[in-house]
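S.K.: So that we are looking at the same thing, I have put the structure below in structure tokens.
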Amino acid sequence: MLENYLLKGLIIGIVFGVPAGLVGLLSIQRGLTQGPAAGFFTGIGSSVADVFYACVGIFGLTFISDFLLRHRSVVCGAGCLMVIGMGFWGFWTAGTEAAPQSAVARPGESRRLFSCFFSSFTIAITNPATILSFMVVFSMFGIEGMESPGAKLQLIGGIFGGTCFWWAAIA
């Protein structure tokens, strides 16, 4: 069994990044229409949400997981409304962003990239089932929660690095 928690985290991060879910499709779409930076920042928003849920799973923050599981219908409902709203927004603006934009920085670029980040973070954080997925993957890798704080931080860093690697490859 692997004892290097950074390597375990990298593998787990790539495993969580690869499935082509809503954020994956959104990242690809933004990468094609708004440029690679927009696609990357869209993915990074999801990575930050994944790291949050990984922290909940690794550090055993039961009060957060209990809250999310207790209010999952509200959290999922908010996420569903956001996805529907983004779908309508994409439908109404479909013809306005047909060609990739140049890599030259434009006014408002940082605001647009933050918007890409925040929208995907919101989509990912409103999926409390992610914490259950992390629990399953952690058990598959033999991560029991009794690791040292240094090992836990390596694991978190590896998960973030693995997801970032995936989003960079997509972008």
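Starting from 1 in every chain, residues are counted up; chains themselves are A, B, ... following the order of the structure tokens, and ligands are numbered from 1 as listed.
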Using only C-alpha atoms, determine which residues lie at most 10 Å from A:Gly17, disregarding the query and same-chain residues fewer than 6 positions distant; provide the list as a list of chain:residue names.

M.R.: A:Ile11, A:Val23, A:Gly24, A:Gly43, A:Ser46, A:Ser47, A:Asp50, A:Ile159, A:Phe160, A:Gly162, A:Thr163, A:Cys164, A:Phe165, A:Trp166, A:Trp167, A:Ile170

S.K.: Near stretch 54-60 of chain A, within 9 Å and counting only C-alpha atoms, which residues show up once chain neighbours fewer than 6 positions away are dropped, as a list in words?

M.R.: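 These residues fall inside the cut-off: Thr130, Ile131, Leu132, Phe134, Met135, Phe138, Ile143, Glu144, Gly145, Met146, Glu147, Pro149, Lys152, Leu155, Ile156 and Ile159 of chain A.
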
S.K.: Can you spit out the residues from that selection as a short mmCIF file (atom, residue, chain, number, x, y, z; two decimals), in the first residue's frame, using N, CA, C and O atoms?

M.R.:
```cif
data_model
loop_
_atom_site.label_atom_id
_atom_site.label_comp_id
_atom_site.auth_asym_id
_atom_site.auth_seq_id
_atom_site.Cartn_x
_atom_site.Cartn_y
_atom_site.Cartn_z
N THR A 130 -20.38 14.66 -2.59
CA THR A 130 -18.93 14.59 -2.79
C THR A 130 -18.24 14.08 -1.53
O THR A 130 -17.27 13.32 -1.63
N ILE A 131 -18.72 14.48 -0.37
CA ILE A 131 -18.08 14.02 0.87
C ILE A 131 -18.17 12.51 1.00
O ILE A 131 -17.22 11.85 1.44
N LEU A 132 -19.28 11.93 0.58
CA LEU A 132 -19.42 10.47 0.62
C LEU A 132 -18.46 9.82 -0.37
O LEU A 132 -17.88 8.77 -0.09
N PHE A 134 -15.56 11.01 -1.26
CA PHE A 134 -14.22 11.06 -0.65
C PHE A 134 -14.07 9.98 0.40
O PHE A 134 -13.00 9.36 0.50
N MET A 135 -15.10 9.73 1.18
CA MET A 135 -15.02 8.69 2.19
C MET A 135 -14.74 7.32 1.56
O MET A 135 -13.93 6.55 2.06
N PHE A 138 -11.12 7.36 0.23
CA PHE A 138 -10.17 7.29 1.34
C PHE A 138 -10.08 5.87 1.88
O PHE A 138 -9.00 5.39 2.20
N ILE A 143 -6.87 5.19 4.04
CA ILE A 143 -6.74 6.41 4.84
C ILE A 143 -7.82 6.37 5.90
O ILE A 143 -9.00 6.37 5.58
N GLU A 144 -7.39 6.31 7.15
CA GLU A 144 -8.33 6.07 8.24
C GLU A 144 -8.64 7.29 9.08
O GLU A 144 -9.47 7.23 9.97
N GLY A 145 -7.97 8.38 8.87
CA GLY A 145 -8.20 9.57 9.68
C GLY A 145 -7.32 9.65 10.90
O GLY A 145 -7.37 10.62 11.65
N MET A 146 -6.49 8.64 11.13
CA MET A 146 -5.61 8.64 12.29
C MET A 146 -4.20 9.09 11.90
O MET A 146 -3.28 8.99 12.69
N GLU A 147 -4.01 9.58 10.69
CA GLU A 147 -2.71 10.01 10.21
C GLU A 147 -2.28 11.26 10.96
O GLU A 147 -3.08 11.98 11.56
N PRO A 149 -0.90 15.14 11.44
CA PRO A 149 -1.30 16.36 10.74
C PRO A 149 -0.47 16.61 9.48
O PRO A 149 -1.01 17.08 8.47
N LYS A 152 -1.83 14.46 6.73
CA LYS A 152 -3.12 15.00 6.27
C LYS A 152 -2.91 16.19 5.35
O LYS A 152 -3.58 16.32 4.32
N LEU A 155 -1.75 15.01 2.01
CA LEU A 155 -2.90 14.46 1.28
C LEU A 155 -3.73 15.58 0.66
O LEU A 155 -4.08 15.51 -0.53
N ILE A 156 -4.02 16.60 1.43
CA ILE A 156 -4.80 17.74 0.93
C ILE A 156 -4.05 18.42 -0.22
O ILE A 156 -4.63 18.73 -1.26
N ILE A 159 -4.23 16.25 -3.31
CA ILE A 159 -5.55 16.29 -3.94
C ILE A 159 -5.70 17.57 -4.76
O ILE A 159 -6.14 17.54 -5.92
#
```

S.K.: Rank A:Tyr5, A:Ile12, A:Val74, A:Phe41 by their smallest atom-to-atom distance to A:Ile28, using only C-alpha atoms, and report the top residue only.

M.R.: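 Smallest separation from A:Ile28 among the options: A:Phe41.
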
S.K.: Go through A:Ser73, A:Gly150, A:Arg112, A:Gly142 and flag the residue nearest A:Gly35, using only C-alpha atoms for the distances.

M.R.: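 Closest to A:Gly35 of all the choices is A:Arg112.
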
S.K.: Excluding A:Asn4 and its own-chain neighbours fewer than 3 positions away, which residues fall within 9 Å of it when counting only C-alpha atoms? Please give them as a ChimeraX atom specification.

M.R.: /A:7-9,151,154-155

S.K.: Determine, counting only C-alpha atoms, which protein, DNA and RNA residues have an atom within 10 Å of an atom of A:Met82; residues of the same chain fewer than 3 positions away are not included. Present the result as a ChimeraX atom specification.

M.R.: /A:76-79,85-88,119,122-123,126

S.K.: Quote the spacing between atom CA of A:Gly161 and atom CA of A:Arg30 in Å to one decimal place.

M.R.: 21.3 Å
